[in-house]
Amino acid sequence: MSSRRDPIDPLVVKRRNLLRVFYAAAVGCGAAFTLAQYSHNFQRNALLALALLGSILGIWTLLRFLRVIDEFERQYTHEALRFAFVGMLCLLVLEVLLESFGLPCVPGYGNVAFAVIFWSLGLAISSWQRHWRHE
Amino acid sequence: MKTRLRVLRAEREWTQAELAMHAEVSRACINAIETGRYDPSLSLAFKIARIFGRNVEEVFLYGSGEPANSASSENPLK
């Protein structure tokens with residue numbers, strides 16, 4: 001039985017591909033936004049339009065990913081989303097506080113990047129916890 | 001919750017991945033159920049039981065190995 005090769009689950013491949021597209025869109029979006037800050041006129045508008053398209057693609061793939069995962073994976077992502085939501089709330093409160101003391105404000109796309117980072121961190125932590133809690 | 005999933009799977013000579021494909025969940029989900037790290041939802045429990053042609057209480061055992069239907073006699077609400 002053990003010598004038999006496991007079939008490749010098309011749903012697993014789909015989930016992996018969706019996550020890859022999501023991260024590629026997030027990185028591309030961040031790069032386009034950053035480049036747009038140093039560009040002018042037409043080039044800047046084109047880069048912002050590209051970043052907007054990238055963000056739409058990113059959000060769409062994230063929603064697709066949340067739809068195709070099974071109930072076990074949904075627990076992971078729920079914990080990760082909770083982590084990201086609470087993390088973002090804390091960060092935004094901290095930003096407002098620092099701004100009230102006269103510190104420069106964080107640009108909007110910086111907060112989006114932090115949200116993606118928090119979600120990724122949440123995914124890593126929840127899978128790590130689940131793995132080691134039952135060892 | 002205890003489960004007889006591993007035994008039933010072995011009877012059919014199925015791998016975890018094959019059962020996962022039938023149940024339309026990930027292999028990690030089946031592995032987590034078998035090792036007691038995850039309690040499936042009612043709908044998944046019924047789905048798995050149906051795949052093996054069994055009742056749900058024949059596949060999943062409540063508590064420390066007692067079948068779920070025998071626990072009803074100790075129901076404090078009765």
# chains A, B, ... in the order shown; residues from 1 in each chain; ligands from 1
call {"tool": "residues_around", "arguments": {"residues": "stretch 88-103 of chain A", "least_positions_apart": "3", "cutoff": "8 Å", "atoms": "only C-alpha atoms", "output": "count of residues only"}}
result
7
call {"tool": "residues_around", "arguments": {"residues": "B:Ile33", "least_positions_apart": "4", "cutoff": "10 Å", "atoms": "only C-alpha atoms", "output": "list of chain:residue names"}}
result
A:Phe72, B:Met1, B:Lys2, B:Thr3, B:Leu5, B:Arg6, B:Arg27, B:Ala28, B:Cys29, B:Arg37, B:Tyr38, B:Asp39, B:Pro40, B:Ala45, B:Phe60
call {"tool": "closest_atom_pairs", "arguments": {"of": "chain B", "to": "chain A", "cutoff": "12 Å", "atoms": "only C-alpha atoms", "output": "tab-separated table"}}
result
residue	atom	partner	partner_atom	distance
B:Arg9	CA	A:Met1	CA	11.0
B:Ala10	CA	A:Met1	CA	8.9
B:Glu11	CA	A:Met1	CA	11.2
B:Arg12	CA	A:Met1	CA	10.4
B:Glu13	CA	A:Met1	CA	6.6
B:Trp14	CA	A:Met1	CA	7.8
B:Thr15	CA	A:Asp6	CA	7.0
B:Gln16	CA	A:Asp6	CA	8.3
B:Ala17	CA	A:Asp6	CA	5.9
B:Glu18	CA	A:Pro7	CA	6.9
B:Leu19	CA	A:Asp6	CA	10.4
B:Ala20	CA	A:Asp9	CA	8.5
B:Met21	CA	A:Asp9	CA	6.7
B:His22	CA	A:Asp9	CA	10.4
B:Ala23	CA	A:Asp70	CA	10.2
B:Glu24	CA	A:Asp70	CA	7.9
B:Val25	CA	A:Asp70	CA	5.5
B:Ser26	CA	A:Asp70	CA	6.8
B:Arg27	CA	A:Asp9	CA	8.7
B:Ala28	CA	A:Phe72	CA	8.1
B:Cys29	CA	A:Phe72	CA	5.6
B:Ile30	CA	A:Phe72	CA	9.1
B:Asn31	CA	A:Phe72	CA	10.5
B:Ala32	CA	A:Phe72	CA	8.4
B:Ile33	CA	A:Phe72	CA	9.3
B:Thr35	CA	A:His134	CA	9.0
B:Gly36	CA	A:His134	CA	8.9
B:Arg37	CA	A:His134	CA	6.8
B:Tyr38	CA	A:Phe72	CA	7.5
B:Asp39	CA	A:Phe72	CA	9.0
B:Pro40	CA	A:Phe72	CA	7.9
B:Ser41	CA	A:Glu71	CA	7.9
B:Leu42	CA	A:Glu71	CA	11.2
B:Ser43	CA	A:Glu71	CA	10.4
B:Leu44	CA	A:Glu71	CA	8.7
B:Ala45	CA	A:Glu71	CA	11.7
call {"tool": "write_last_selection", "arguments": {"atoms": "N, CA, C and O atoms", "output": "short mmCIF file (atom, residue, chain, number, x, y, z; two decimals), in the first residue's frame"}}
result
data_model
loop_
_atom_site.label_atom_id
_atom_site.label_comp_id
_atom_site.auth_asym_id
_atom_site.auth_seq_id
_atom_site.Cartn_x
_atom_site.Cartn_y
_atom_site.Cartn_z
N ARG B 9 -10.20 2.55 6.17
CA ARG B 9 -9.38 2.89 5.00
C ARG B 9 -8.49 1.72 4.61
O ARG B 9 -8.35 1.38 3.44
N ALA B 10 -7.93 1.07 5.64
CA ALA B 10 -7.05 -0.09 5.39
C ALA B 10 -7.83 -1.24 4.76
O ALA B 10 -7.31 -1.96 3.91
N GLU B 11 -9.09 -1.41 5.19
CA GLU B 11 -9.94 -2.47 4.62
C GLU B 11 -10.09 -2.30 3.11
O GLU B 11 -10.14 -3.27 2.36
N ARG B 12 -10.16 -1.06 2.69
CA ARG B 12 -10.33 -0.76 1.25
C ARG B 12 -9.00 -0.54 0.55
O ARG B 12 -8.98 -0.24 -0.65
N GLU B 13 -7.93 -0.61 1.32
CA GLU B 13 -6.57 -0.36 0.81
C GLU B 13 -6.48 1.02 0.14
O GLU B 13 -5.92 1.16 -0.95
N TRP B 14 -7.04 1.98 0.80
CA TRP B 14 -7.00 3.36 0.31
C TRP B 14 -5.91 4.13 1.05
O TRP B 14 -5.69 3.91 2.25
N THR B 15 -5.28 5.02 0.36
CA THR B 15 -4.35 5.94 1.01
C THR B 15 -5.17 7.13 1.54
O THR B 15 -6.35 7.29 1.19
N GLN B 16 -4.53 7.94 2.37
CA GLN B 16 -5.22 9.13 2.88
C GLN B 16 -5.62 10.06 1.72
O GLN B 16 -6.68 10.66 1.73
N ALA B 17 -4.73 10.14 0.74
CA ALA B 17 -4.98 11.02 -0.41
C ALA B 17 -6.21 10.54 -1.20
O ALA B 17 -7.00 11.36 -1.68
N GLU B 18 -6.35 9.22 -1.33
CA GLU B 18 -7.50 8.68 -2.08
C GLU B 18 -8.81 8.97 -1.34
O GLU B 18 -9.80 9.38 -1.96
N LEU B 19 -8.79 8.78 -0.01
CA LEU B 19 -9.99 9.10 0.77
C LEU B 19 -10.28 10.60 0.70
O LEU B 19 -11.44 11.01 0.58
N ALA B 20 -9.22 11.39 0.75
CA ALA B 20 -9.38 12.85 0.67
C ALA B 20 -10.06 13.25 -0.63
O ALA B 20 -10.92 14.13 -0.64
N MET B 21 -9.66 12.59 -1.71
CA MET B 21 -10.27 12.91 -3.02
C MET B 21 -11.75 12.54 -3.04
O MET B 21 -12.57 13.28 -3.58
N HIS B 22 -12.09 11.40 -2.43
CA HIS B 22 -13.50 10.99 -2.37
C HIS B 22 -14.32 11.95 -1.51
O HIS B 22 -15.47 12.25 -1.82
N ALA B 23 -13.71 12.39 -0.41
CA ALA B 23 -14.43 13.28 0.52
C ALA B 23 -14.34 14.75 0.12
O ALA B 23 -14.95 15.60 0.77
N GLU B 24 -13.54 15.02 -0.92
CA GLU B 24 -13.35 16.39 -1.43
C GLU B 24 -12.79 17.33 -0.35
O GLU B 24 -13.25 18.46 -0.17
N VAL B 25 -11.81 16.79 0.39
CA VAL B 25 -11.06 17.61 1.36
C VAL B 25 -9.57 17.36 1.11
O VAL B 25 -9.19 16.53 0.28
N SER B 26 -8.72 18.08 1.86
CA SER B 26 -7.28 17.89 1.68
C SER B 26 -6.80 16.65 2.43
O SER B 26 -7.46 16.18 3.37
N ARG B 27 -5.64 16.13 2.00
CA ARG B 27 -5.06 14.96 2.67
C ARG B 27 -4.72 15.32 4.12
O ARG B 27 -4.85 14.50 5.03
N ALA B 28 -4.30 16.57 4.33
CA ALA B 28 -3.97 17.03 5.68
C ALA B 28 -5.19 16.95 6.60
O ALA B 28 -5.05 16.67 7.79
N CYS B 29 -6.37 17.21 6.03
CA CYS B 29 -7.61 17.14 6.81
C CYS B 29 -7.88 15.71 7.28
O CYS B 29 -8.18 15.48 8.45
N ILE B 30 -7.73 14.75 6.35
CA ILE B 30 -7.94 13.33 6.70
C ILE B 30 -6.92 12.90 7.75
O ILE B 30 -7.25 12.23 8.73
N ASN B 31 -5.67 13.32 7.56
CA ASN B 31 -4.61 12.99 8.51
C ASN B 31 -4.92 13.57 9.90
O ASN B 31 -4.75 12.89 10.91
N ALA B 32 -5.40 14.80 9.93
CA ALA B 32 -5.73 15.45 11.20
C ALA B 32 -6.90 14.74 11.90
O ALA B 32 -6.91 14.61 13.12
N ILE B 33 -7.87 14.26 11.11
CA ILE B 33 -9.01 13.54 11.70
C ILE B 33 -8.55 12.20 12.27
O ILE B 33 -8.88 11.83 13.39
N THR B 35 -5.61 11.32 13.31
CA THR B 35 -4.73 11.45 14.47
C THR B 35 -5.39 12.18 15.64
O THR B 35 -4.75 12.43 16.66
N GLY B 36 -6.66 12.52 15.46
CA GLY B 36 -7.41 13.15 16.55
C GLY B 36 -7.10 14.61 16.76
O GLY B 36 -7.44 15.18 17.79
N ARG B 37 -6.45 15.23 15.78
CA ARG B 37 -6.12 16.65 15.92
C ARG B 37 -7.25 17.55 15.48
O ARG B 37 -7.24 18.75 15.70
N TYR B 38 -8.22 16.96 14.78
CA TYR B 38 -9.33 17.77 14.26
C TYR B 38 -10.63 16.96 14.29
O TYR B 38 -10.64 15.81 13.84
N ASP B 39 -11.67 17.57 14.83
CA ASP B 39 -13.00 16.95 14.82
C ASP B 39 -13.75 17.47 13.60
O ASP B 39 -13.96 18.69 13.49
N PRO B 40 -14.16 16.57 12.70
CA PRO B 40 -14.83 17.05 11.48
C PRO B 40 -16.20 17.63 11.79
O PRO B 40 -16.80 17.33 12.82
N SER B 41 -16.69 18.45 10.86
CA SER B 41 -18.05 18.97 11.00
C SER B 41 -19.04 17.82 10.80
O SER B 41 -18.66 16.75 10.31
N LEU B 42 -20.28 18.05 11.16
CA LEU B 42 -21.31 17.01 11.00
C LEU B 42 -21.42 16.58 9.55
O LEU B 42 -21.49 15.39 9.25
N SER B 43 -21.44 17.55 8.65
CA SER B 43 -21.63 17.21 7.23
C SER B 43 -20.46 16.38 6.70
O SER B 43 -20.67 15.43 5.95
N LEU B 44 -19.22 16.72 7.12
CA LEU B 44 -18.08 15.92 6.66
C LEU B 44 -18.10 14.53 7.29
O LEU B 44 -17.78 13.54 6.62
N ALA B 45 -18.49 14.45 8.56
CA ALA B 45 -18.57 13.15 9.23
C ALA B 45 -19.57 12.24 8.51
O ALA B 45 -19.29 11.06 8.24
#
call {"tool": "closest_residue", "arguments": {"among": "A:Asn45, A:Gln129, A:Thr34, A:Ser55", "to": "A:Phe22", "atoms": "only C-alpha atoms"}}
result
A:Ser55
call {"tool": "residues_around", "arguments": {"residues": "A:Leu19", "least_positions_apart": "5", "cutoff": "9 Å", "atoms": "only C-alpha atoms", "output": "ChimeraX atom specification"}}
result
/A:14,24,61-62,65
call {"tool": "select_by_dssp", "arguments": {"residues": "stretch 3-63 of chain B", "states": "strand (DSSP E or B)", "output": "ChimeraX atom specification"}}
result
/B:3,60-62
call {"tool": "residues_around", "arguments": {"residues": "A:Ala36", "least_positions_apart": "2", "cutoff": "12 Å", "atoms": "only C-alpha atoms", "output": "count of residues only"}}
result
22
